file my_file_20.txt (compact mmCIF, C-alpha atoms)
# COMPACT_ATOMS: atom_id res chain seq x y z
CA MET K 13 -113.28 -151.02 -89.94
CA PRO K 14 -114.47 -149.20 -93.12
CA PHE K 15 -115.81 -145.69 -92.62
CA ALA K 16 -118.89 -146.63 -94.66
CA GLU K 17 -119.93 -149.27 -92.12
CA ARG K 18 -123.00 -147.61 -90.55
CA PRO K 19 -121.44 -144.16 -90.05
CA LEU K 20 -124.74 -142.64 -88.84
CA ARG K 21 -124.67 -145.14 -85.99
CA ARG K 22 -120.96 -144.96 -85.17
CA ILE K 23 -120.08 -141.27 -85.61
CA PRO K 24 -122.44 -140.04 -82.84
CA GLN K 25 -120.96 -142.66 -80.52
CA LEU K 26 -117.42 -141.55 -81.37
CA LEU K 27 -118.17 -137.86 -80.85
CA THR K 28 -120.09 -138.49 -77.63
CA GLY K 29 -117.25 -140.56 -76.24
CA LEU K 30 -114.63 -137.96 -77.13
CA ALA K 31 -116.72 -135.15 -75.64
CA LEU K 32 -117.17 -137.08 -72.41
CA TYR K 33 -113.45 -137.82 -72.37
CA GLY K 34 -112.59 -134.12 -72.65
CA PHE K 35 -115.09 -133.23 -69.93
CA SER K 36 -113.76 -135.96 -67.64
CA ILE K 37 -110.27 -134.48 -67.93
CA ALA K 38 -111.66 -131.09 -66.89
CA LEU K 39 -113.22 -132.67 -63.79
CA THR K 40 -109.93 -134.23 -62.69
CA VAL K 41 -108.07 -130.96 -63.29
CA ARG K 42 -110.60 -129.00 -61.21
CA ALA K 43 -110.26 -131.55 -58.39
CA ALA K 44 -106.58 -130.50 -58.08
CA LEU K 45 -105.62 -133.84 -56.54
CA GLY K 46 -103.50 -135.11 -59.42
CA VAL K 47 -104.37 -135.96 -63.01
CA ASN K 48 -103.36 -138.51 -65.66
CA PRO K 49 -99.81 -138.24 -67.05
CA TRP K 50 -100.77 -136.46 -70.28
CA ALA K 51 -102.82 -133.92 -68.36
CA VAL K 52 -99.84 -133.39 -66.04
CA LEU K 53 -97.78 -132.57 -69.13
CA ASN K 54 -100.43 -130.16 -70.41
CA GLN K 55 -100.64 -128.47 -67.01
CA GLY K 56 -96.88 -128.08 -66.93
CA LEU K 57 -96.81 -126.58 -70.42
CA GLU K 58 -99.66 -124.25 -69.47
CA ARG K 59 -97.41 -122.72 -66.80
CA HIS K 60 -94.84 -121.74 -69.42
CA THR K 61 -97.03 -120.63 -72.34
CA PRO K 62 -99.98 -118.26 -72.85
CA LEU K 63 -102.05 -121.13 -74.27
CA SER K 64 -105.04 -122.72 -72.54
CA PHE K 65 -105.09 -126.27 -71.22
CA GLY K 66 -107.38 -127.35 -74.05
CA ALA K 67 -105.28 -125.69 -76.75
CA LEU K 68 -102.20 -127.46 -75.41
CA THR K 69 -104.09 -130.75 -75.38
CA THR K 70 -104.80 -130.25 -79.07
CA LEU K 71 -101.23 -129.21 -79.92
CA VAL K 72 -99.67 -132.09 -77.98
CA GLY K 73 -102.01 -134.49 -79.78
CA ALA K 74 -100.90 -133.08 -83.13
CA ALA K 75 -97.24 -133.32 -82.11
CA VAL K 76 -97.69 -136.95 -81.09
CA LEU K 77 -99.39 -137.62 -84.42
CA ALA K 78 -96.26 -136.33 -86.18
CA LEU K 79 -94.29 -139.06 -84.40
CA TRP K 80 -96.40 -141.61 -86.27
CA ILE K 81 -94.60 -140.78 -89.54
CA PRO K 82 -91.34 -142.67 -88.90
CA LEU K 83 -93.38 -145.48 -87.30
CA ARG K 84 -95.46 -145.85 -90.49
CA GLN K 85 -98.72 -145.55 -88.62
CA ARG K 86 -101.78 -144.36 -90.53
CA PRO K 87 -104.27 -142.02 -88.87
CA ALA K 88 -107.99 -142.58 -89.29
CA PHE K 89 -111.11 -140.47 -88.87
CA GLY K 90 -111.17 -141.13 -85.13
CA THR K 91 -107.57 -139.93 -84.80
CA PHE K 92 -108.35 -136.47 -86.19
CA ALA K 93 -111.66 -136.27 -84.31
CA ASN K 94 -109.75 -136.96 -81.10
CA ILE K 95 -107.32 -134.11 -81.75
CA ALA K 96 -110.05 -131.66 -82.73
CA LEU K 97 -112.60 -132.35 -80.01
CA VAL K 98 -110.98 -133.41 -76.74
CA GLY K 99 -109.04 -130.19 -76.08
CA ALA K 100 -111.97 -127.93 -76.95
CA VAL K 101 -114.34 -129.80 -74.64
CA ALA K 102 -111.74 -129.84 -71.85
CA ASP K 103 -111.52 -126.04 -72.07
CA ALA K 104 -115.32 -125.78 -72.02
CA GLY K 105 -115.46 -128.06 -68.99
CA LEU K 106 -112.90 -125.97 -67.13
CA TRP K 107 -115.01 -122.90 -67.86
CA LEU K 108 -118.26 -124.54 -66.73
CA VAL K 109 -117.06 -126.35 -63.59
CA PRO K 110 -116.10 -124.04 -60.72
CA GLU K 111 -113.18 -124.76 -58.43
CA PRO K 112 -114.49 -126.80 -55.45
CA ALA K 113 -114.43 -125.19 -52.03
CA GLY K 114 -113.40 -128.14 -49.88
CA LEU K 115 -111.76 -131.55 -49.89
CA PRO K 116 -115.01 -133.59 -50.05
CA ALA K 117 -116.06 -131.75 -53.21
CA ARG K 118 -112.61 -132.23 -54.72
CA ILE K 119 -112.73 -135.96 -53.98
CA ALA K 120 -116.18 -136.16 -55.56
CA LEU K 121 -114.94 -134.39 -58.69
CA LEU K 122 -111.90 -136.64 -58.92
CA THR K 123 -114.00 -139.79 -58.52
CA ALA K 124 -116.54 -138.63 -61.10
CA GLY K 125 -113.76 -137.66 -63.50
CA ILE K 126 -111.97 -141.01 -63.29
CA LEU K 127 -115.18 -143.03 -63.68
CA LEU K 128 -116.35 -140.88 -66.58
CA ASN K 129 -112.92 -141.11 -68.20
CA GLY K 130 -112.91 -144.90 -68.18
CA PHE K 131 -116.47 -145.03 -69.48
CA SER K 132 -115.78 -142.50 -72.24
CA ILE K 133 -112.74 -144.47 -73.45
CA ALA K 134 -114.99 -147.49 -73.92
CA VAL K 135 -117.55 -145.41 -75.81
CA TYR K 136 -115.20 -143.80 -78.34
CA VAL K 137 -112.97 -146.85 -78.79
CA GLY K 138 -116.09 -148.96 -79.24
CA ALA K 139 -117.07 -146.89 -82.28
CA ARG K 140 -114.03 -148.40 -84.04
CA PHE K 141 -112.89 -145.38 -86.03
CA GLY K 142 -109.19 -145.79 -85.29
CA PRO K 143 -106.90 -144.96 -82.35
CA GLY K 144 -106.17 -141.57 -80.87
CA PRO K 145 -102.68 -140.08 -81.29
CA ARG K 146 -101.34 -141.48 -78.02
CA ASP K 147 -102.70 -145.00 -78.54
CA GLY K 148 -101.32 -145.03 -82.09
CA LEU K 149 -97.90 -144.02 -80.76
CA MET K 150 -98.05 -146.94 -78.35
CA THR K 151 -98.94 -149.52 -81.00
CA GLY K 152 -96.39 -148.07 -83.46
CA LEU K 153 -93.55 -148.23 -80.94
CA THR K 154 -94.59 -151.74 -79.97
CA ALA K 155 -94.35 -152.88 -83.59
CA ALA K 156 -91.05 -151.06 -84.13
CA THR K 157 -89.30 -152.25 -80.97
CA GLY K 158 -90.81 -155.71 -80.48
CA ARG K 159 -91.53 -154.85 -76.85
CA SER K 160 -94.83 -155.70 -75.18
CA LEU K 161 -97.71 -153.22 -75.18
CA ARG K 162 -97.51 -153.05 -71.39
CA THR K 163 -93.80 -152.18 -71.41
CA VAL K 164 -94.15 -149.55 -74.14
CA ARG K 165 -97.24 -147.95 -72.60
CA THR K 166 -95.64 -147.83 -69.16
CA GLY K 167 -92.49 -146.26 -70.58
CA ILE K 168 -94.46 -143.60 -72.45
CA GLU K 169 -96.63 -142.75 -69.45
CA LEU K 170 -93.65 -142.51 -67.08
CA ALA K 171 -91.70 -140.30 -69.49
CA VAL K 172 -94.69 -138.00 -70.02
CA LEU K 173 -95.40 -137.87 -66.27
CA ALA K 174 -91.78 -136.97 -65.47
CA ALA K 175 -91.72 -134.23 -68.10
CA GLY K 176 -95.01 -132.77 -66.87
CA TRP K 177 -93.90 -132.86 -63.25
CA LEU K 178 -90.63 -131.10 -64.07
CA LEU K 179 -92.63 -128.40 -65.87
CA GLY K 180 -94.85 -127.87 -62.82
CA GLY K 181 -97.85 -130.11 -63.49
CA THR K 182 -99.93 -131.49 -60.62
CA VAL K 183 -98.94 -134.99 -59.50
CA GLY K 184 -100.87 -136.42 -56.57
CA VAL K 185 -103.12 -139.15 -55.28
CA GLY K 186 -105.40 -138.63 -58.28
CA THR K 187 -102.56 -139.63 -60.60
CA VAL K 188 -102.19 -142.94 -58.78
CA LEU K 189 -105.95 -143.54 -58.60
CA TYR K 190 -106.27 -142.82 -62.31
CA ALA K 191 -103.56 -145.32 -63.15
CA VAL K 192 -105.19 -147.99 -60.97
CA ALA K 193 -108.87 -147.41 -61.73
CA VAL K 194 -109.31 -146.20 -65.30
CA GLY K 195 -108.28 -149.50 -66.89
CA PRO K 196 -110.80 -151.67 -65.02
CA VAL K 197 -113.58 -149.15 -65.64
CA ALA K 198 -112.83 -149.07 -69.35
CA GLN K 199 -112.53 -152.86 -69.53
CA PHE K 200 -115.91 -153.28 -67.82
CA SER K 201 -117.54 -150.81 -70.21
CA VAL K 202 -115.99 -151.85 -73.54
CA PRO K 203 -118.14 -154.95 -74.18
CA ARG K 204 -121.26 -152.85 -73.73
CA TRP K 205 -120.22 -150.25 -76.29
CA ALA K 206 -118.08 -152.12 -78.83
CA TYR K 207 -119.71 -151.87 -82.24
CA ALA K 208 -120.30 -155.25 -83.89
CA PRO K 209 -120.38 -155.26 -87.72
CA ARG K 210 -123.58 -156.26 -89.43
CA ARG K 211 -123.66 -159.87 -90.51
CA THR K 212 -124.28 -160.54 -94.15
CA ALA K 213 -126.31 -163.44 -95.38
CA ALA K 214 -124.28 -166.43 -96.54

call {"tool": "encode", "arguments": {"input": "my_file_20.txt", "output": "structure tokens"}}
result
Amino acid sequence: MPFAERPLRRIPQLLTGLALYGFSIALTVRAALGVNPWAVLNQGLERHTPLSFGALTTLVGAAVLALWIPLRQRPAFGTFANIALVGAVADAGLWLVPEPAGLPARIALLTAGILLNGFSIAVYVGARFGPGPRDGLMTGLTAATGRSLRTVRTGIELAVLAAGWLLGGTVGVGTVLYAVAVGPVAQFSVPRWAYAPRRTAA
């Protein structure tokens, strides 16, 4: 969709969705019950570098974006906004949200994080400013290999999860719940937040 199509309406939606996405990641990390595969990778890298979780989120996003080049994918405004904002907000969320004292609080944080994550995906995707680095990698590999989106996405997620686990990232029940629940939450929310272009008179 053209950038000039009602940017004052769509940009706030994009930025709000990305901010909520970054904060939802922080909630799942604080729950310490397992996180999504990319967060597992960032946690694992955090154990071996002096960089913060958010900084690594940003750097991994930029590295994934570099993989678009041989796939002939073109980034859009939303792609760069994703890289710039999600990691910074995740760091802020980790600073704001204290570590929970008991299991009930951790379960509550995990549940809130997964629900907010699915909702936030619908919000920022609905603004229609282009895919984030990871989604663009998925669509680029799908086009290049001829495989289905499901097969490519599953392969990417499993490879990232394995790498993060080997580096020391947290894999647990939250990882499974995220994989099962975030899709339905996002699917339920997308129709309510998808931007519809203005109709022009015939």

call {"tool": "closest_residue", "arguments": {"input": "my_file_20.txt", "among": "K:Phe15, K:Trp205, K:Phe200, K:Trp177", "to": "Leu53 of chain K", "atoms": "only C-alpha atoms"}}
result
K:Trp177

call {"tool": "closest_residue", "arguments": {"input": "my_file_20.txt", "among": "K:Ala51, K:Ala43, K:Ala134, K:Leu149", "to": "Ala78 of chain K", "atoms": "all atoms listed in the file"}}
result
K:Leu149

call {"tool": "residues_around", "arguments": {"input": "my_file_20.txt", "residues": "Gly34 of chain K", "least_positions_apart": "3", "cutoff": "6 Å", "atoms": "only C-alpha atoms", "output": "PyMOL selection string"}}
result
chain K and resi 31+37+98+101-102

call {"tool": "write_last_selection", "arguments": {"input": "my_file_20.txt", "atoms": "C-alpha atoms", "output": "PDB file, keeping the file's coordinate frame"}}
result
ATOM      1  CA  ALA K  31    -116.720-135.150 -75.640  1.00  0.00           C
ATOM      2  CA  ILE K  37    -110.270-134.480 -67.930  1.00  0.00           C
ATOM      3  CA  VAL K  98    -110.980-133.410 -76.740  1.00  0.00           C
ATOM      4  CA  VAL K 101    -114.340-129.800 -74.640  1.00  0.00           C
ATOM      5  CA  ALA K 102    -111.740-129.840 -71.850  1.00  0.00           C
TER       6      ALA K 102
END

call {"tool": "closest_atom_pairs", "arguments": {"input": "my_file_20.txt", "of": "segment 45-164 of chain K", "to": "segment 195-198 of chain K", "cutoff": "7 Å", "atoms": "only C-alpha atoms", "output": "Markdown table"}}
result
| residue | atom | partner | partner_atom | distance |
| --- | --- | --- | --- | --- |
| K:Leu127 | CA | K:Val197 | CA | 6.6 |
| K:Gly130 | CA | K:Ala198 | CA | 4.3 |
| K:Phe131 | CA | K:Ala198 | CA | 5.4 |
| K:Ile133 | CA | K:Ala198 | CA | 6.2 |
| K:Ala134 | CA | K:Ala198 | CA | 5.3 |

call {"tool": "closest_residue", "arguments": {"input": "my_file_20.txt", "among": "K:Thr123, K:Thr187, K:Ser132, K:Thr70", "to": "Leu97 of chain K", "atoms": "all atoms listed in the file"}}
result
K:Thr70

call {"tool": "closest_residue", "arguments": {"input": "my_file_20.txt", "among": "K:Ala96, K:Leu79, K:Leu178, K:Ala44", "to": "Pro112 of chain K", "atoms": "all atoms listed in the file"}}
result
K:Ala44

call {"tool": "closest_residue", "arguments": {"input": "my_file_20.txt", "among": "K:Gly99, K:Arg22, K:Ser160, K:Leu77", "to": "Ser36 of chain K", "atoms": "only C-alpha atoms"}}
result
K:Gly99

call {"tool": "closest_residue", "arguments": {"input": "my_file_20.txt", "among": "K:Ala174, K:Val185, K:Leu153, K:Ile23", "to": "Trp50 of chain K", "atoms": "all atoms listed in the file"}}
result
K:Ala174

call {"tool": "residues_around", "arguments": {"input": "my_file_20.txt", "residues": "Ala117 of chain K", "least_positions_apart": "4", "cutoff": "12 Å", "atoms": "all atoms listed in the file", "output": "list in words"}}
result
Leu39, Thr40, Arg42, Ala43, Ala44, Leu45, Val109, Pro110, Glu111, Pro112, Ala113, Leu121, Leu122, Thr123 and Ala124 of chain K

call {"tool": "residues_around", "arguments": {"input": "my_file_20.txt", "residues": "Gly180 of chain K", "least_positions_apart": "2", "cutoff": "10 Å", "atoms": "all atoms listed in the file", "output": "list in words"}}
result
Val52, Leu53, Asn54, Gln55, Gly56, Leu57, Glu58, Arg59, His60, Ala174, Ala175, Gly176, Trp177, Leu178, Thr182 and Val183 of chain K

call {"tool": "residues_around", "arguments": {"input": "my_file_20.txt", "residues": "Glu169 of chain K", "least_positions_apart": "3", "cutoff": "9 Å", "atoms": "all atoms listed in the file", "output": "VMD selection string"}}
result
chain K and resid 48 to 50 164 to 166 172 to 174

call {"tool": "closest_atom_pairs", "arguments": {"input": "my_file_20.txt", "of": "segment 20-111 of chain K", "to": "segment 135-143 of chain K", "cutoff": "7 Å", "atoms": "all atoms listed in the file", "output": "JSON lines"}}
result
{"residue": "K:Arg22", "atom": "CA", "partner": "K:Ala139", "partner_atom": "CA", "distance": 5.2}
{"residue": "K:Gln25", "atom": "CA", "partner": "K:Ala139", "partner_atom": "CA", "distance": 6.0}
{"residue": "K:Leu26", "atom": "CA", "partner": "K:Tyr136", "partner_atom": "CA", "distance": 4.4}
{"residue": "K:Gly29", "atom": "CA", "partner": "K:Tyr136", "partner_atom": "CA", "distance": 4.4}
{"residue": "K:Leu30", "atom": "CA", "partner": "K:Tyr136", "partner_atom": "CA", "distance": 6.0}
{"residue": "K:Ala88", "atom": "CA", "partner": "K:Gly142", "partner_atom": "CA", "distance": 5.3}
{"residue": "K:Phe89", "atom": "CA", "partner": "K:Phe141", "partner_atom": "CA", "distance": 5.9}
{"residue": "K:Gly90", "atom": "CA", "partner": "K:Phe141", "partner_atom": "CA", "distance": 4.7}
{"residue": "K:Thr91", "atom": "CA", "partner": "K:Pro143", "partner_atom": "CA", "distance": 5.6}

call {"tool": "residues_near_point", "arguments": {"input": "my_file_20.txt", "point": "(-99.7, -146.3, -78.4)", "cutoff": "10 Å", "atoms": "all atoms listed in the file", "output": "PDB file with C-alpha atoms, in the coordinates of the input"}}
result
ATOM      1  CA  VAL K  76     -97.690-136.950 -81.090  1.00  0.00           C
ATOM      2  CA  TRP K  80     -96.400-141.610 -86.270  1.00  0.00           C
ATOM      3  CA  PRO K 143    -106.900-144.960 -82.350  1.00  0.00           C
ATOM      4  CA  GLY K 144    -106.170-141.570 -80.870  1.00  0.00           C
ATOM      5  CA  PRO K 145    -102.680-140.080 -81.290  1.00  0.00           C
ATOM      6  CA  ARG K 146    -101.340-141.480 -78.020  1.00  0.00           C
ATOM      7  CA  ASP K 147    -102.700-145.000 -78.540  1.00  0.00           C
ATOM      8  CA  GLY K 148    -101.320-145.030 -82.090  1.00  0.00           C
ATOM      9  CA  LEU K 149     -97.900-144.020 -80.760  1.00  0.00           C
ATOM     10  CA  MET K 150     -98.050-146.940 -78.350  1.00  0.00           C
ATOM     11  CA  THR K 151     -98.940-149.520 -81.000  1.00  0.00           C
ATOM     12  CA  GLY K 152     -96.390-148.070 -83.460  1.00  0.00           C
ATOM     13  CA  LEU K 153     -93.550-148.230 -80.940  1.00  0.00           C
ATOM     14  CA  THR K 154     -94.590-151.740 -79.970  1.00  0.00           C
ATOM     15  CA  ALA K 155     -94.350-152.880 -83.590  1.00  0.00           C
ATOM     16  CA  LEU K 161     -97.710-153.220 -75.180  1.00  0.00           C
ATOM     17  CA  ARG K 162     -97.510-153.050 -71.390  1.00  0.00           C
ATOM     18  CA  VAL K 164     -94.150-149.550 -74.140  1.00  0.00           C
ATOM     19  CA  ARG K 165     -97.240-147.950 -72.600  1.00  0.00           C
ATOM     20  CA  ILE K 168     -94.460-143.600 -72.450  1.00  0.00           C
TER      21      ILE K 168
END

call {"tool": "atom_distance", "arguments": {"input": "my_file_20.txt", "atom1": "atom CA of Leu115 of chain K", "atom2": "atom CA of Thr61 of chain K"}}
result
29.0 Å
